[in-house]
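J.: Got a file for you: structure.txt, compact mmCIF, C-alpha atoms.
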```txt
# COMPACT_ATOMS: atom_id res chain seq x y z
CA MET A 10 -102.46 -42.74 -36.79
CA THR A 11 -99.12 -41.64 -35.38
CA ILE A 12 -99.39 -41.01 -31.65
CA ILE A 13 -96.83 -39.78 -29.15
CA ASN A 14 -96.12 -42.56 -26.70
CA ARG A 15 -97.67 -41.75 -23.33
CA PRO A 16 -98.17 -43.93 -20.25
CA ASP A 17 -101.38 -45.92 -20.51
CA MET A 18 -104.22 -44.87 -18.24
CA LEU A 19 -106.77 -47.23 -16.71
CA ALA A 20 -109.16 -48.90 -19.14
CA ILE A 21 -112.31 -46.99 -19.98
CA SER A 22 -115.61 -48.80 -20.41
CA ASN A 23 -117.04 -49.10 -23.91
CA CYS A 24 -120.46 -48.31 -22.48
CA ARG A 25 -120.95 -44.58 -22.91
CA SER A 26 -123.46 -44.37 -20.08
CA LEU A 27 -120.92 -45.85 -17.66
CA ARG A 28 -117.72 -44.43 -19.13
CA PRO A 29 -116.34 -41.43 -17.23
CA ARG A 30 -115.92 -38.32 -19.31
CA ILE A 31 -112.31 -37.53 -20.15
CA PRO A 32 -111.31 -34.72 -17.78
CA ARG A 33 -109.73 -31.51 -18.91
CA VAL A 34 -106.75 -29.57 -17.74
CA SER A 35 -108.61 -26.26 -18.12
CA LEU A 36 -105.54 -24.22 -18.88
CA ARG A 37 -105.84 -20.54 -19.54
CA VAL A 38 -104.89 -21.35 -23.12
CA SER A 39 -107.72 -23.80 -23.49
CA ARG A 40 -109.98 -20.77 -23.09
CA LYS A 41 -107.83 -18.52 -25.24
CA VAL A 42 -106.40 -19.10 -28.64
CA LEU A 43 -102.69 -18.65 -28.03
CA LEU A 44 -102.60 -15.42 -29.96
CA ARG A 45 -101.11 -13.42 -27.09
CA LEU A 46 -97.99 -15.56 -26.95
CA PHE A 47 -98.06 -16.32 -30.66
CA TYR A 48 -97.89 -12.69 -31.73
CA VAL A 49 -95.39 -11.76 -29.05
CA THR A 50 -92.96 -14.40 -30.30
CA THR A 51 -93.49 -14.22 -34.05
CA LEU A 52 -94.95 -10.88 -35.10
CA THR A 53 -93.14 -8.31 -33.01
CA GLY A 54 -91.99 -6.82 -36.27
CA PHE A 55 -95.56 -5.64 -36.80
CA GLY A 56 -95.44 -3.62 -33.59
CA PHE A 57 -97.41 -5.99 -31.36
CA SER A 58 -96.65 -5.70 -27.65
CA ASN A 59 -97.50 -7.85 -24.65
CA SER A 60 -100.51 -7.43 -22.38
CA VAL A 61 -100.92 -4.01 -20.84
CA CYS A 62 -101.29 -5.69 -17.46
CA GLY A 63 -97.75 -7.03 -17.49
CA GLY A 64 -95.42 -9.27 -19.45
CA GLU A 65 -94.13 -11.60 -16.76
CA ALA A 66 -93.51 -15.16 -17.83
CA GLU A 67 -96.39 -17.48 -17.08
CA VAL A 68 -95.72 -20.03 -14.36
CA LYS A 69 -96.44 -23.58 -15.43
CA PRO A 70 -95.94 -26.02 -12.54
CA ALA A 71 -94.69 -29.47 -13.49
CA SER A 72 -97.85 -30.97 -12.01
CA PHE A 73 -99.95 -29.25 -14.67
CA ALA A 74 -97.80 -30.77 -17.43
CA VAL A 75 -98.08 -34.23 -15.89
CA ARG A 76 -101.83 -33.83 -15.61
CA ALA A 77 -102.05 -32.80 -19.26
CA GLN A 78 -100.03 -35.84 -20.35
CA GLU A 79 -102.20 -38.19 -18.33
CA ILE A 80 -105.38 -36.77 -19.82
CA LEU A 81 -103.93 -37.01 -23.32
CA ALA A 82 -103.07 -40.67 -22.74
CA ALA A 83 -106.60 -41.45 -21.58
CA ALA A 84 -108.19 -39.52 -24.45
CA GLN A 85 -105.86 -41.18 -26.96
CA LYS A 86 -106.74 -44.63 -25.66
CA ARG A 87 -110.45 -43.97 -25.90
CA HIS A 88 -110.17 -42.45 -29.39
CA GLN A 89 -108.20 -45.42 -30.64
CA ALA A 90 -110.73 -47.84 -29.17
CA GLU A 91 -113.71 -45.91 -30.57
CA PRO A 92 -112.55 -44.26 -33.81
CA THR A 93 -116.12 -43.48 -34.91
CA ASN A 94 -117.15 -41.88 -31.62
CA ALA A 95 -117.48 -38.14 -32.26
CA VAL A 96 -117.13 -37.16 -28.61
CA ALA A 97 -114.00 -39.27 -28.22
CA ALA A 98 -112.54 -37.56 -31.30
CA TRP A 99 -113.00 -33.97 -30.17
CA GLU A 100 -112.04 -34.74 -26.58
CA PHE A 101 -108.81 -36.19 -27.94
CA ALA A 102 -108.30 -33.00 -29.96
CA ARG A 103 -108.91 -30.94 -26.83
CA ALA A 104 -106.37 -33.01 -24.91
CA CYS A 105 -103.86 -32.51 -27.73
CA PHE A 106 -104.27 -28.76 -27.48
CA ASP A 107 -103.80 -28.73 -23.71
CA SER A 108 -100.80 -31.06 -23.81
CA ALA A 109 -99.14 -29.11 -26.61
CA GLU A 110 -99.02 -26.11 -24.27
CA TYR A 111 -96.38 -27.96 -22.26
CA ALA A 112 -94.28 -29.07 -25.22
CA THR A 113 -90.61 -28.43 -24.60
CA ASN A 114 -89.81 -27.60 -28.23
CA ASP A 115 -91.49 -26.76 -31.52
CA THR A 116 -91.06 -30.26 -32.94
CA GLU A 117 -92.99 -31.82 -30.09
CA ARG A 118 -95.65 -29.11 -30.25
CA VAL A 119 -96.17 -29.68 -33.97
CA ILE A 120 -96.49 -33.45 -33.53
CA ILE A 121 -99.11 -33.10 -30.82
CA ALA A 122 -101.07 -30.30 -32.50
CA ASP A 123 -101.07 -32.13 -35.85
CA GLN A 124 -102.78 -35.08 -34.18
CA GLY A 125 -105.50 -32.84 -32.82
CA ILE A 126 -105.91 -31.18 -36.21
CA ALA A 127 -106.14 -34.56 -37.95
CA ALA A 128 -108.73 -35.84 -35.48
CA CYS A 129 -110.91 -32.79 -36.07
CA ARG A 130 -110.58 -32.98 -39.84
CA ARG A 131 -111.58 -36.65 -39.83
CA LEU A 132 -114.60 -35.88 -37.70
CA LEU A 133 -115.63 -32.94 -39.87
CA ALA A 134 -115.39 -35.10 -42.99
CA HIS A 135 -118.38 -37.03 -41.61
CA GLN A 136 -120.03 -34.45 -39.35
CA THR A 137 -119.67 -30.98 -40.78
CA GLY A 138 -122.05 -29.69 -38.12
CA SER A 139 -119.83 -30.53 -35.16
CA ALA A 140 -119.19 -27.32 -33.21
CA PRO A 141 -116.53 -28.94 -30.98
CA ALA A 142 -114.63 -30.22 -34.03
CA HIS A 143 -114.51 -26.78 -35.62
CA TYR A 144 -113.60 -25.24 -32.28
CA TYR A 145 -110.71 -27.54 -31.41
CA LEU A 146 -109.48 -27.49 -34.99
CA GLY A 147 -109.07 -23.74 -34.57
CA MET A 148 -107.41 -24.20 -31.19
CA ASN A 149 -104.86 -26.73 -32.45
CA LEU A 150 -104.15 -24.55 -35.47
CA GLY A 151 -103.24 -21.90 -32.90
CA GLN A 152 -100.69 -24.27 -31.38
CA LEU A 153 -99.28 -24.95 -34.84
CA ALA A 154 -99.07 -21.22 -35.52
CA ARG A 155 -96.85 -20.81 -32.47
CA THR A 156 -94.13 -22.80 -34.23
CA LYS A 157 -94.12 -20.57 -37.31
CA THR A 158 -92.71 -17.14 -38.06
CA LEU A 159 -94.41 -15.08 -40.75
CA GLY A 160 -95.82 -18.32 -42.15
CA ALA A 161 -98.28 -18.21 -39.26
CA LEU A 162 -100.19 -15.41 -40.95
CA ARG A 163 -101.84 -17.79 -43.38
CA ILE A 164 -103.01 -19.97 -40.49
CA VAL A 165 -104.85 -17.07 -38.84
CA GLY A 166 -107.48 -16.96 -41.58
CA GLU A 167 -108.26 -20.64 -41.12
CA MET A 168 -108.48 -20.21 -37.37
CA GLU A 169 -110.94 -17.36 -37.88
CA ARG A 170 -113.11 -19.49 -40.18
CA GLU A 171 -113.19 -22.42 -37.75
CA PHE A 172 -114.18 -20.27 -34.77
CA LYS A 173 -116.88 -18.59 -36.83
CA ALA A 174 -118.22 -22.00 -37.83
CA ALA A 175 -118.21 -23.18 -34.22
CA ARG A 176 -119.98 -19.98 -33.14
CA GLN A 177 -122.70 -20.40 -35.73
CA LEU A 178 -123.32 -23.99 -34.63
CA ASP A 179 -123.17 -23.49 -30.86
CA GLU A 180 -122.24 -20.11 -29.44
CA HIS A 181 -122.50 -21.43 -25.86
CA PHE A 182 -119.89 -24.19 -26.28
CA ASP A 183 -116.96 -23.95 -23.83
CA SER A 184 -118.46 -20.98 -22.02
CA ALA A 185 -118.82 -18.90 -25.19
CA GLY A 186 -115.44 -20.11 -26.40
CA ALA A 187 -115.92 -19.17 -30.04
CA ASP A 188 -116.71 -15.53 -29.28
CA ARG A 189 -113.93 -15.45 -26.68
CA ASN A 190 -111.37 -16.71 -29.18
CA LEU A 191 -112.59 -14.55 -32.03
CA GLY A 192 -112.41 -11.54 -29.72
CA LEU A 193 -108.85 -12.39 -28.76
CA LEU A 194 -107.92 -13.10 -32.35
CA TYR A 195 -109.07 -9.64 -33.44
CA PHE A 196 -107.64 -8.06 -30.29
CA GLU A 197 -104.14 -9.52 -30.53
CA ALA A 198 -103.61 -9.69 -34.28
CA PRO A 199 -102.14 -6.63 -35.99
CA ALA A 200 -104.54 -4.71 -38.20
CA PHE A 201 -101.88 -4.43 -40.86
CA ALA A 202 -101.46 -7.63 -42.91
CA SER A 203 -103.75 -9.58 -40.60
CA VAL A 204 -107.25 -9.66 -39.14
CA GLY A 205 -106.81 -7.29 -36.20
CA SER A 206 -109.83 -5.09 -35.49
CA ARG A 207 -110.72 -3.20 -32.32
CA SER A 208 -114.42 -3.03 -33.19
CA LYS A 209 -114.64 -6.77 -33.87
CA ALA A 210 -112.62 -7.56 -30.78
CA ARG A 211 -114.96 -5.47 -28.62
CA GLN A 212 -118.03 -7.08 -30.20
CA HIS A 213 -116.92 -10.64 -29.56
CA LEU A 214 -115.34 -10.12 -26.13
CA GLN A 215 -118.50 -8.41 -24.93
CA ARG A 216 -120.64 -11.14 -26.45
CA ALA A 217 -118.65 -13.80 -24.60
CA VAL A 218 -119.42 -11.99 -21.34
CA GLU A 219 -123.11 -11.81 -22.27
CA LEU A 220 -123.28 -15.53 -23.04
CA ALA A 221 -121.23 -16.74 -20.06
CA PRO A 222 -121.17 -13.86 -17.55
CA ASP A 223 -119.99 -15.96 -14.60
CA PHE A 224 -116.96 -17.43 -16.35
CA PRO A 225 -113.90 -15.49 -15.06
CA GLU A 226 -111.85 -15.80 -18.24
CA ASN A 227 -114.41 -13.87 -20.26
CA ARG A 228 -114.39 -10.83 -17.99
CA LEU A 229 -110.62 -10.95 -17.52
CA ASN A 230 -110.18 -10.80 -21.29
CA LEU A 231 -112.54 -7.85 -21.55
CA ILE A 232 -110.82 -6.01 -18.69
CA GLU A 233 -107.42 -6.49 -20.31
CA ALA A 234 -108.76 -5.25 -23.63
CA TYR A 235 -110.28 -2.17 -22.03
CA LEU A 236 -106.98 -1.41 -20.32
CA LYS A 237 -105.08 -1.70 -23.57
CA TRP A 238 -107.59 0.65 -25.21
CA ALA A 239 -107.28 3.09 -22.27
CA ASP A 240 -110.95 2.61 -21.43
CA ASN A 241 -110.40 2.84 -17.70
CA ASP A 242 -114.09 3.29 -16.89
CA GLY A 243 -114.97 0.12 -18.76
CA ALA A 244 -112.17 -1.81 -17.08
CA THR A 245 -113.16 -0.54 -13.64
CA HIS A 246 -116.79 -1.52 -14.16
CA GLU A 247 -115.92 -5.03 -15.31
CA LEU A 248 -113.46 -5.46 -12.45
CA LYS A 249 -116.15 -4.62 -9.89
CA VAL A 250 -118.50 -7.15 -11.47
CA LEU A 251 -115.77 -9.78 -11.59
CA GLU A 252 -114.88 -9.28 -7.93
CA LYS A 253 -118.52 -9.82 -6.96
CA LEU A 254 -118.82 -13.07 -8.92
CA TRP A 255 -115.37 -14.36 -7.92
CA PRO A 256 -116.54 -16.30 -4.80
CA LYS A 257 -119.31 -17.99 -6.77
CA ALA A 258 -116.89 -18.90 -9.53
CA GLN A 259 -114.59 -20.48 -6.95
CA THR A 260 -117.39 -22.85 -6.01
CA ASN A 261 -118.51 -23.54 -9.60
CA PHE A 262 -115.09 -24.25 -11.12
CA THR A 263 -113.45 -26.47 -8.54
CA GLY A 264 -111.11 -29.42 -8.33
CA GLU A 265 -107.87 -30.50 -9.92
CA SER A 266 -109.15 -29.94 -13.44
CA TRP A 267 -109.45 -26.20 -12.79
CA ALA A 268 -106.20 -25.70 -10.88
CA ALA A 269 -104.24 -24.41 -13.87
CA SER A 270 -106.94 -21.92 -14.77
CA TRP A 271 -107.15 -20.51 -11.24
CA SER A 272 -103.38 -20.23 -11.09
CA ASP A 273 -103.57 -17.97 -14.12
CA TRP A 274 -106.77 -16.10 -13.28
CA GLU A 275 -105.58 -15.04 -9.84
CA VAL A 276 -102.37 -13.55 -11.26
CA ARG A 277 -104.25 -11.69 -13.97
CA LEU A 278 -106.85 -10.37 -11.52
CA GLU A 279 -104.11 -8.88 -9.35
CA ARG A 280 -102.42 -7.33 -12.39
CA ALA A 281 -105.69 -5.75 -13.45
CA ARG A 282 -106.31 -4.38 -9.96
CA LYS A 283 -102.80 -2.94 -9.82
CA THR A 284 -103.08 -1.30 -13.25
CA ILE A 285 -106.48 0.21 -12.55
CA LYS A 286 -105.34 1.49 -9.16
CA GLU A 287 -102.24 3.11 -10.66
CA ARG A 288 -104.23 4.80 -13.39
CA ALA A 289 -106.73 6.18 -10.87
CA LYS A 290 -104.01 8.16 -9.08
```
What's the structure tokens form of this structure?
T.:
Amino acid sequence: MTIINRPDMLAISNCRSLRPRIPRVSLRVSRKVLLRLFYVTTLTGFGFSNSVCGGEAEVKPASFAVRAQEILAAAQKRHQAEPTNAVAAWEFARACFDSAEYATNDTERVIIADQGIAACRRLLAHQTGSAPAHYYLGMNLGQLARTKTLGALRIVGEMEREFKAARQLDEHFDSAGADRNLGLLYFEAPAFASVGSRSKARQHLQRAVELAPDFPENRLNLIEAYLKWADNDGATHELKVLEKLWPKAQTNFTGESWAASWSDWEVRLERARKTIKERAK
């Protein structure tokens, strides 16, 4: 297996009961399927525009990139040492997805994403019922799609299938990740020549909130969708609920592994507040 050279991390015990779980970077994009940026950069010809809450460039501190590389190195080491371990395989695929977000060019992003895709395909060849494998296969396909132009359209269908498979197997995985990603896929994709659908987007984004109501990303996605659809009442309601659960979320999702997510969530919350306030005038 071809692997990008990364600094070795400390050795991880072969005893699963003693081995620490590979941490995660918990980027915004590891909760979303890249379609927002993907369609902005490749399908503007279909009339897609950036988020209604604002199109400012996302800030990605160097520390987040370093963290992602370190986690990838640890996950890679474990996966190489335990090639038949299903958890090690999908955690490696997850780390590939997160690390690919910080790739400095398309070539690097393809190399990293391809490794995550390959790991998931190998796992699914033996365990077709692995929800995480289907899920992170779809996520890494999203990274691959970012490097394409119109050729990305054919990848969207495969992403949709993988998220549907993950949802059928475990709809709670990654805080309702399958419904969240399907909702975003239908929300961001153009209806013409792709899978875009407001009704499907609403169904899955709302379902993600139902399954994991205390996870900030789910409500932020729904708020942003409501704003784009000019459903100001819906957005206002969800914002009030989100603001009430925010303190609890800050105690539930803590530590270095959630720093990147909070960096993103706080910016998006303020954008949503600003947009709703302006529309209420």
J.: Within 12 Å of segment 99-110 of chain A, which residues of segment 170-287 of chain A come that close, and what is the closest atom pair and distance in Å for each? Count only C-alpha atoms and give it as a Markdown table.
T.:
```
| residue | atom | partner | partner_atom | distance |
| --- | --- | --- | --- | --- |
| A:Asp183 | CA | A:Arg103 | CA | 11.1 |
| A:Ser266 | CA | A:Asp107 | CA | 11.6 |
| A:Ala269 | CA | A:Asp107 | CA | 10.8 |
| A:Ser270 | CA | A:Asp107 | CA | 11.7 |
```
J.: With C-alpha atoms retained, export the selected residues as a compact mmCIF listing (two decimals), in the frame of the given file.
T.:
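Wrote part-v8.txt, looks like this:
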```txt
# COMPACT_ATOMS: atom_id res chain seq x y z
CA ASP A 183 -116.96 -23.95 -23.83
CA SER A 266 -109.15 -29.94 -13.44
CA ALA A 269 -104.24 -24.41 -13.87
CA SER A 270 -106.94 -21.92 -14.77
```
J.: Tell me, in Å to one decimal, how far atom CA of Ile232 of chain A is from atom CA of Glu247 of chain A.
T.: 6.2 Å
J.: Choose the residue, out of A:Val218, A:Ala268, A:Val204, A:Ala210, that has the smallest atom-to-atom separation from Phe73 of chain A; count only C-alpha atoms.
T.: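 Among A:Val218, A:Ala268, A:Val204, A:Ala210, it is A:Ala268 that comes nearest to Phe73 of chain A.
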J.: Find the residue from A:Gln124, A:Asn227, A:Ser208, A:Ser203 that sits nearest to Gly186 of chain A; use all atoms listed in the file when measuring.
T.: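 For Gly186 of chain A, the nearest of the given residues is A:Asn227.
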J.: One decimal, in Å: what's the spacing between atom CA of Val75 of chain A and atom CA of Asp115 of chain A?
T.: 18.5 Å
J.: Under the rule that only C-alpha atoms are counted, which of A:Ala83, A:Ala175, A:Met168, A:Ala127 is the nearest residue to Ser139 of chain A?
T.: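 Among A:Ala83, A:Ala175, A:Met168, A:Ala127, it is A:Ala175 that comes nearest to Ser139 of chain A.
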J.: State, in Å with one decimal place, the distance from atom CA of Arg76 of chain A to atom CA of Glu169 of chain A.
T.: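 For atom CA of Arg76 of chain A relative to atom CA of Glu169 of chain A, the distance reads 29.2 Å.
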J.: For Leu81 of chain A, which of A:Val96, A:Ile121, A:Leu214, A:Ala202 is the closest residue, counting only C-alpha atoms?
T.: A:Ile121
J.: Which one of A:Val165, A:Leu220, A:Leu229, A:Leu153 sits closest to Ala198 of chain A if you count only C-alpha atoms?
T.: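 Checking each of A:Val165, A:Leu220, A:Leu229, A:Leu153 against Ala198 of chain A, counting only C-alpha atoms, the winner is A:Val165.
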J.: Which of these, A:Gln152, A:Thr158, A:Thr113, A:Gln177, has the shortest distance to Gly138 of chain A once you count only C-alpha atoms?
T.: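 Looking at the shortest contact to Gly138 of chain A, the residue is A:Gln177.
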